[in-house]
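Note: the block below is input.cif and it holds mmCIF, C-alpha atoms.
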data_entry
#
loop_
_atom_site.label_atom_id
_atom_site.label_comp_id
_atom_site.auth_asym_id
_atom_site.auth_seq_id
_atom_site.Cartn_x
_atom_site.Cartn_y
_atom_site.Cartn_z
CA MET A 127 9.63 37.05 -116.60
CA ARG A 128 9.50 39.53 -113.75
CA ASP A 129 13.17 39.98 -112.81
CA LEU A 130 14.70 42.55 -115.14
CA ASP A 131 18.13 41.83 -113.64
CA ASP A 132 18.02 38.26 -114.94
CA PRO A 133 21.25 37.89 -116.99
CA ARG A 134 19.35 36.02 -119.69
CA LEU A 135 17.66 39.33 -120.57
CA SER A 136 20.92 41.27 -120.96
CA PRO A 137 20.87 41.26 -124.82
CA TYR A 138 17.55 43.15 -124.72
CA ARG A 139 18.55 45.77 -122.16
CA ASN A 140 18.58 49.50 -123.03
CA LEU A 141 18.41 48.93 -126.78
CA ARG A 142 18.02 52.61 -127.61
CA HIS A 143 21.65 53.16 -126.66
CA HIS A 144 23.55 49.93 -127.29
CA GLU A 145 23.70 46.74 -129.29
CA PRO A 146 24.21 43.34 -127.60
CA ASP A 147 27.83 42.32 -127.01
CA GLY A 148 27.33 39.21 -129.11
CA GLY A 149 24.85 38.70 -131.93
CA PHE A 150 22.17 41.15 -133.03
CA ILE A 151 18.58 42.16 -132.26
CA ALA A 152 15.71 41.65 -134.68
CA GLU A 153 12.60 43.72 -133.91
CA GLY A 154 9.00 43.45 -135.00
CA SER A 155 6.73 40.81 -136.41
CA VAL A 156 7.95 40.83 -140.03
CA VAL A 157 11.65 41.01 -139.19
CA VAL A 158 11.53 38.34 -136.49
CA ARG A 159 9.51 36.01 -138.71
CA ARG A 160 12.03 36.43 -141.52
CA LEU A 161 14.88 35.75 -139.11
CA LEU A 162 13.19 32.56 -137.94
CA GLN A 163 12.74 31.51 -141.58
CA SER A 164 16.34 32.30 -142.50
CA ASP A 165 19.50 30.22 -142.23
CA LEU A 166 20.78 32.32 -139.34
CA GLY A 167 20.71 30.99 -135.81
CA VAL A 168 18.57 32.41 -133.01
CA GLN A 169 19.74 32.59 -129.41
CA SER A 170 16.45 33.60 -127.77
CA VAL A 171 13.12 35.35 -128.37
CA LEU A 172 11.42 37.92 -126.12
CA ILE A 173 7.64 38.29 -126.49
CA HIS A 174 4.96 40.39 -124.85
CA GLU A 175 2.60 38.19 -122.87
CA GLY A 176 -0.49 37.38 -124.93
CA ARG A 177 1.35 37.44 -128.28
CA GLU A 178 3.22 34.16 -127.95
CA ALA A 179 0.74 32.08 -129.97
CA LYS A 180 1.74 33.98 -133.15
CA TYR A 181 5.40 33.02 -132.84
CA LEU A 182 5.78 29.79 -130.91
CA PRO A 183 5.07 27.54 -133.94
CA LEU A 184 7.93 29.25 -135.82
CA ILE A 185 10.56 29.01 -133.09
CA PRO A 186 12.93 26.03 -133.35
CA ASP A 187 13.04 23.54 -130.50
CA GLY A 188 15.67 24.42 -127.95
CA VAL A 189 15.51 28.20 -128.49
CA PRO A 190 14.63 29.93 -125.18
CA VAL A 191 11.46 32.02 -125.23
CA TYR A 192 10.97 34.70 -122.58
CA LEU A 193 7.52 36.17 -121.93
CA ILE A 194 7.31 39.63 -120.42
CA THR A 195 4.57 42.16 -119.75
CA ARG A 196 4.43 45.14 -122.07
CA GLU A 197 5.25 47.50 -119.20
CA LEU A 198 8.33 45.54 -118.10
CA GLY A 199 9.39 45.08 -121.71
CA LYS A 200 9.35 48.85 -122.19
CA GLU A 201 11.41 49.32 -119.03
CA LEU A 202 13.89 46.65 -120.13
CA ALA A 203 14.44 47.80 -123.71
CA GLY A 204 14.06 51.49 -123.01
CA TYR A 205 11.08 51.88 -125.36
CA ASP A 206 7.83 50.15 -126.33
CA PHE A 207 9.29 47.77 -128.90
CA HIS A 208 7.55 47.16 -132.21
CA ARG A 209 4.76 44.55 -132.34
CA GLY A 210 5.77 43.10 -129.00
CA VAL A 211 8.55 40.79 -130.18
CA LEU A 212 12.35 40.83 -130.24
CA ALA A 213 14.82 38.10 -131.12
CA HIS A 214 18.51 37.74 -130.34
CA GLY A 215 20.18 36.37 -133.48
CA ILE A 216 23.61 34.91 -134.22
CA ASN A 217 25.76 37.07 -136.48
CA PRO A 218 26.36 35.81 -140.02
CA THR A 219 29.85 34.91 -141.17
CA ILE A 220 31.83 37.76 -142.71
CA HIS A 221 33.69 35.95 -145.48
CA PRO A 222 37.24 36.75 -146.58
CA MET A 223 37.64 38.51 -149.91
CA GLU A 224 39.35 35.43 -151.34
CA ARG A 225 36.01 33.70 -151.33
CA PHE A 226 34.41 36.58 -153.23
CA ARG A 227 37.30 36.63 -155.70
CA ASP A 228 36.59 33.01 -156.59
CA ILE A 229 33.05 33.74 -157.76
CA ALA A 230 33.12 32.65 -161.38
CA GLN A 231 29.65 33.41 -162.71
CA PRO A 232 28.43 36.84 -163.86
CA SER A 233 27.40 38.91 -160.86
CA LEU A 234 26.97 42.38 -159.43
CA ALA A 235 28.16 43.18 -155.91
CA LEU A 236 27.78 46.27 -153.75
CA ALA A 237 30.74 47.69 -151.80
CA LEU A 238 30.14 50.09 -148.89
CA VAL A 239 33.03 52.29 -147.79
CA GLY A 240 32.57 54.55 -144.78
CA LEU A 241 28.77 54.59 -144.67
CA SER A 242 27.75 55.49 -141.14
CA ASP A 243 23.99 56.15 -141.24
CA PRO A 244 21.85 53.09 -140.43
CA GLU A 245 18.91 54.45 -142.43
CA ASN A 246 21.07 54.74 -145.55
CA VAL A 247 22.66 51.33 -145.15
CA GLY A 248 19.33 49.66 -144.46
CA SER A 249 17.75 51.32 -147.49
CA LEU A 250 20.72 50.37 -149.69
CA LEU A 251 20.59 46.74 -148.63
CA ARG A 252 16.85 46.58 -149.24
CA SER A 253 17.29 48.01 -152.75
CA ALA A 254 20.15 45.60 -153.44
CA ALA A 255 18.06 42.64 -152.35
CA ALA A 256 15.12 43.77 -154.49
CA LEU A 257 17.42 43.82 -157.53
CA GLY A 258 18.92 40.42 -156.81
CA VAL A 259 22.27 41.66 -155.48
CA ARG A 260 23.35 39.41 -152.62
CA ASP A 261 27.10 40.01 -152.26
CA ILE A 262 27.99 42.97 -150.03
CA LEU A 263 31.57 44.14 -149.44
CA LEU A 264 32.00 45.89 -146.07
CA GLY A 265 34.67 48.58 -146.13
CA PRO A 266 36.34 50.57 -143.33
CA GLN A 267 34.18 52.75 -141.07
CA THR A 268 30.97 51.22 -142.42
CA ILE A 269 28.30 50.61 -139.82
CA SER A 270 27.57 46.95 -139.16
CA PRO A 271 24.66 45.69 -141.26
CA MET A 272 23.51 43.75 -138.21
CA THR A 273 22.64 46.77 -136.09
CA ARG A 274 19.00 46.85 -135.05
CA ARG A 275 18.05 49.92 -137.08
CA VAL A 276 19.77 48.73 -140.26
CA ILE A 277 17.97 45.39 -140.01
CA ARG A 278 14.60 47.03 -139.49
CA VAL A 279 14.99 49.59 -142.31
CA SER A 280 16.16 46.82 -144.66
CA MET A 281 13.00 44.86 -143.80
CA ALA A 282 15.26 41.91 -142.93
CA SER A 283 16.93 41.74 -146.34
CA VAL A 284 20.24 41.57 -144.43
CA PHE A 285 19.38 37.97 -143.59
CA ARG A 286 19.68 37.08 -147.30
CA HIS A 287 22.90 38.90 -148.13
CA ARG A 288 26.42 37.48 -148.11
CA PHE A 289 29.03 39.73 -146.51
CA TYR A 290 32.75 40.03 -147.20
CA GLN A 291 35.69 41.77 -145.49
CA PHE A 292 36.69 44.75 -147.61
CA ASP A 293 39.15 46.20 -145.13
CA GLN A 294 41.85 47.26 -147.62
CA PRO A 295 39.62 48.49 -150.44
CA ALA A 296 42.19 50.15 -152.72
CA GLU A 297 44.56 47.17 -152.58
CA GLN A 298 41.73 44.67 -152.88
CA LEU A 299 40.22 46.48 -155.88
CA ARG A 300 43.53 46.24 -157.74
CA ASP A 301 43.70 42.54 -156.94
CA LEU A 302 40.13 42.03 -158.14
CA ALA A 303 40.91 43.87 -161.38
CA THR A 304 43.59 41.30 -162.17
CA ALA A 305 40.94 38.61 -161.68
CA GLY A 306 38.68 40.24 -164.27
CA PHE A 307 36.32 42.24 -162.05
CA ALA A 308 35.13 45.67 -163.12
CA SER A 309 34.71 48.12 -160.23
CA ILE A 310 32.68 51.31 -160.47
CA ALA A 311 33.40 54.21 -158.11
CA THR A 312 30.37 56.50 -157.71
CA LEU A 313 31.43 60.16 -157.70
CA LEU A 314 30.12 63.73 -157.87
CA ASP A 315 32.54 64.58 -160.67
CA ASP A 316 31.69 66.02 -164.08
CA THR A 317 34.72 64.27 -165.58
CA ALA A 318 33.43 60.81 -164.58
CA ILE A 319 31.43 58.64 -166.99
CA PRO A 320 27.72 59.56 -166.97
CA LEU A 321 25.64 56.65 -165.74
CA ILE A 322 23.75 56.41 -169.03
CA ASP A 323 27.06 55.72 -170.82
CA LEU A 324 28.49 53.39 -168.19
CA PRO A 325 27.12 50.03 -169.43
CA GLN A 326 28.81 50.49 -172.81
CA ALA A 327 32.13 51.21 -171.07
CA ILE A 328 32.20 47.93 -169.13
CA THR A 329 32.95 44.59 -170.75
CA SER A 330 33.23 42.37 -167.66
CA LYS A 331 30.12 40.63 -166.34
CA ARG A 332 31.62 40.55 -162.83
CA ARG A 333 30.99 44.00 -161.45
CA ILE A 334 31.29 45.85 -158.16
CA LEU A 335 29.47 49.12 -157.44
CA ILE A 336 31.37 51.13 -154.82
CA VAL A 337 29.51 53.64 -152.64
CA GLY A 338 31.20 56.10 -150.26
CA ASN A 339 30.47 58.10 -147.15
CA GLU A 340 27.29 60.20 -147.07
CA ALA A 341 29.16 63.51 -146.66
CA ASN A 342 32.65 62.92 -148.02
CA GLY A 343 32.16 60.27 -150.68
CA LEU A 344 34.88 57.77 -151.54
CA PRO A 345 38.49 58.20 -150.40
CA PRO A 346 40.66 59.30 -153.35
CA ASP A 347 42.80 56.15 -153.27
CA VAL A 348 39.70 53.95 -153.53
CA ALA A 349 38.29 55.98 -156.43
CA GLU A 350 41.66 55.78 -158.19
CA ALA A 351 41.88 52.01 -157.69
CA ALA A 352 38.49 51.40 -159.34
CA THR A 353 38.51 50.38 -162.98
CA HIS A 354 35.73 52.87 -163.76
CA ARG A 355 34.47 56.13 -162.26
CA SER A 356 30.88 57.15 -162.85
CA THR A 357 28.49 59.95 -161.95
CA LEU A 358 24.76 60.55 -162.04
CA PRO A 359 24.07 63.79 -163.94
CA MET A 360 21.37 65.93 -162.33
CA ARG A 361 19.20 68.82 -163.50
CA ASN A 362 17.52 71.88 -162.03
CA ASN A 363 20.60 72.87 -160.00
CA THR A 364 20.35 69.71 -157.90
CA ASP A 365 23.87 69.10 -156.61
CA SER A 366 23.38 65.69 -154.98
CA LEU A 367 20.96 62.94 -154.00
CA ASN A 368 20.69 60.86 -150.87
CA VAL A 369 23.23 58.05 -151.12
CA GLY A 370 20.49 55.41 -150.88
CA VAL A 371 18.50 56.96 -153.73
CA ALA A 372 21.50 57.50 -155.99
CA SER A 373 22.89 54.03 -155.36
CA ALA A 374 19.54 52.40 -156.10
CA ILE A 375 19.52 54.14 -159.48
CA PHE A 376 23.03 52.86 -160.21
CA LEU A 377 22.08 49.33 -159.12
CA TYR A 378 18.99 49.35 -161.30
CA GLU A 379 20.85 50.54 -164.36
CA LEU A 380 23.67 48.03 -163.90
CA THR A 381 21.31 45.09 -163.39
CA ARG A 382 19.04 46.19 -166.24
CA SER A 383 21.84 46.61 -168.74
CA SER A 384 24.00 43.64 -167.81
CA GLY A 385 21.93 41.02 -169.61
CA THR A 386 22.39 38.88 -166.51
CA ASP A 387 19.52 37.53 -164.44
CA HIS A 388 20.63 38.34 -160.91
CA VAL A 389 18.96 35.51 -159.10
CA ASP A 390 19.97 34.28 -155.65
CA ARG A 391 22.86 31.89 -155.81
#
So, in terms of structure tokens, how does the structure I just supplied come out?
Amino acid sequence: MRDLDDPRLSPYRNLRHHEPDGGFIAEGSVVVRRLLQSDLGVQSVLIHEGREAKYLPLIPDGVPVYLITRELGKELAGYDFHRGVLAHGINPTIHPMERFRDIAQPSLALALVGLSDPENVGSLLRSAAALGVRDILLGPQTISPMTRRVIRVSMASVFRHRFYQFDQPAEQLRDLATAGFASIATLLDDTAIPLIDLPQAITSKRRILIVGNEANGLPPDVAEAATHRSTLPMRNNTDSLNVGVASAIFLYELTRSSGTDHVDR
């Protein structure tokens, strides 16, 4: 394509500063390939001229493919995009919490409340996927998991997760408690249960790990609504860890100690 004003290219325009109005952008060879192999739909694919042979066999019939020179692609997107390929995907369904509540088998879910940094969210989702955790509860002020940077940092693990609306977290946690779910609020609080003691304090096999904002943590009403509050003790005068690192440690300990094989369902 040579006309950068062509409306069909609008999802790929100025990607450094905005996301497409509908759908999401997958960037790079690995991420685009995993999108094409996933259950999510694809609206179009943009490829640098000369690279199309790598991707055309993977692209479903009927999906538009636009070829563009590297120079025009850089002008369109606002940067020299990774590995010469972008795809415009269709957003996954964000399920209502009622559907999550009906999950009967033992499971561990991850709830995100107020996380705003795409690097942190992408890292968290990648760790969750590696540990077999598919169900993700999306709380207020949490960045969309389908933003370009989150997708790339997660190495496309977002395409395997199931997402749920967690828009009234304190109220929804109390409702989930009546259904037998244990919820764990992660806190920097010496009075909370140390992580090493947490598995012995939880009897339910249906568990939710709740992670809060990078700077401010969880809102007090959400922490109070959780059935358990836990902390990660630290040494050598270390007062905190990156939320992605700390949460990965919590996820590992909860999956390791649960006696449940967290396979994809």
- Message: Once the PyMOL selection byres ((chain A and resi 237-251) around 6) is applied to the coordinates I shared, what remains selected? I want it as a list in words.
- Response: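 Evaluating the PyMOL selection byres ((chain A and resi 237-251) around 6) on these coordinates yields Leu236, Arg252, Ser253, Ala254, Ile262, Leu263, Leu264, Gly265, Pro266, Gln267, Thr268, Ile269, Arg275, Val276, Val279, Ser280, Leu335, Ile336, Val337, Gly338, Asn339 and Gly370 of chain A.
Of the listed residues A:Val158, A:Ala349, A:Leu358, A:Val191, the one whose atoms come nearest to Pro320 of chain A is A:Leu358, with distances taken using all atoms listed in the file.
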- Message: List as a count of residues only the protein and nucleic acid residues near Leu324 of chain A, meaning an atom at most 10 Å away when only C-alpha atoms are counted, but skip any in the same chain fewer than 3 places from it.
- Response: 15
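Computed from the coordinates, the atom CA of Leu302 of chain A to atom CA of Pro271 of chain A distance equals 23.2 Å.
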- Residue IDs satisfying the PyMOL selection byres ((chain A and resi 200) around 12), as a list in words: Leu130, Tyr138, Arg139, Asn140, Leu141, Arg142, Leu172, Ile173, His174, Ile194, Thr195, Arg196, Glu197, Leu198, Gly199, Glu201, Leu202, Ala203, Gly204, Tyr205, Asp206, Phe207, His208, Arg209, Gly210, Val211 and Leu212 of chain A
- Message: As an exercise, work out the distance from atom CA of Asn368 of chain A to atom CA of Leu299 of chain A in Å and give it to one decimal place.
- Response: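 Taking atom CA of Asn368 of chain A and atom CA of Leu299 of chain A, their separation equals 24.8 Å.
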- Item | Radius query 8 Å about (36.2, 43.4, -162.1), atoms used: all atoms listed in the file, as a ChimeraX atom specification | /A:302-309,330-334,353
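Coordinates place atom CA of Leu257 of chain A at a distance of 25.8 Å from atom CA of Arg361 of chain A.
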- Task: Output the residue selection produced by the PyMOL selection byres ((chain A and resi 227) around 9) on the file above, formatted as JSON, numbers by chain.
- Result: {"A": [223, 224, 225, 226, 228, 229, 230, 301, 302, 305, 307]}
- Task: Rank nothing, just name the residue among A:Ile220, A:Ala311, A:Ala256, A:Met360 nearest to Pro345 of chain A, using only C-alpha atoms.
- Result: A:Ala311
- Go through A:Leu161, A:Leu344, A:Leu135, A:Ala213 and flag the residue nearest Met281 of chain A, using only C-alpha atoms for the distances.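 Going through A:Leu161, A:Leu344, A:Leu135, A:Ala213 one by one, the smallest distance to Met281 of chain A is for A:Leu161.
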- Query: Residues at most 12 Å from Pro137 of chain A, counting only C-alpha atoms, excluding those fewer than 5 positions away in the same chain, as a list in words?
  - Reply: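 Near neighbours after the sequence-gap exclusion: Leu130, Asp131, Asp132, His144, Glu145, Pro146, Asp147, Gly148, Gly149, Phe150, Ile151, Ala152, Gln169, Ser170, Val171, Leu172, Leu202, Ala203, Leu212, Ala213, His214, Gly215, Ile216 and Arg274 of chain A.
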Please give the centre and size of the box around segment 288-296 of chain A (axis-aligned, containing every atom listed in the file, 6 Å added per side), with values in Å to one decimal and written as lines of an AutoDock Vina configuration file.
center_x = 34.3
center_y = 43.8
center_z = -148.9
size_x = 27.8
size_y = 24.7
size_z = 19.6
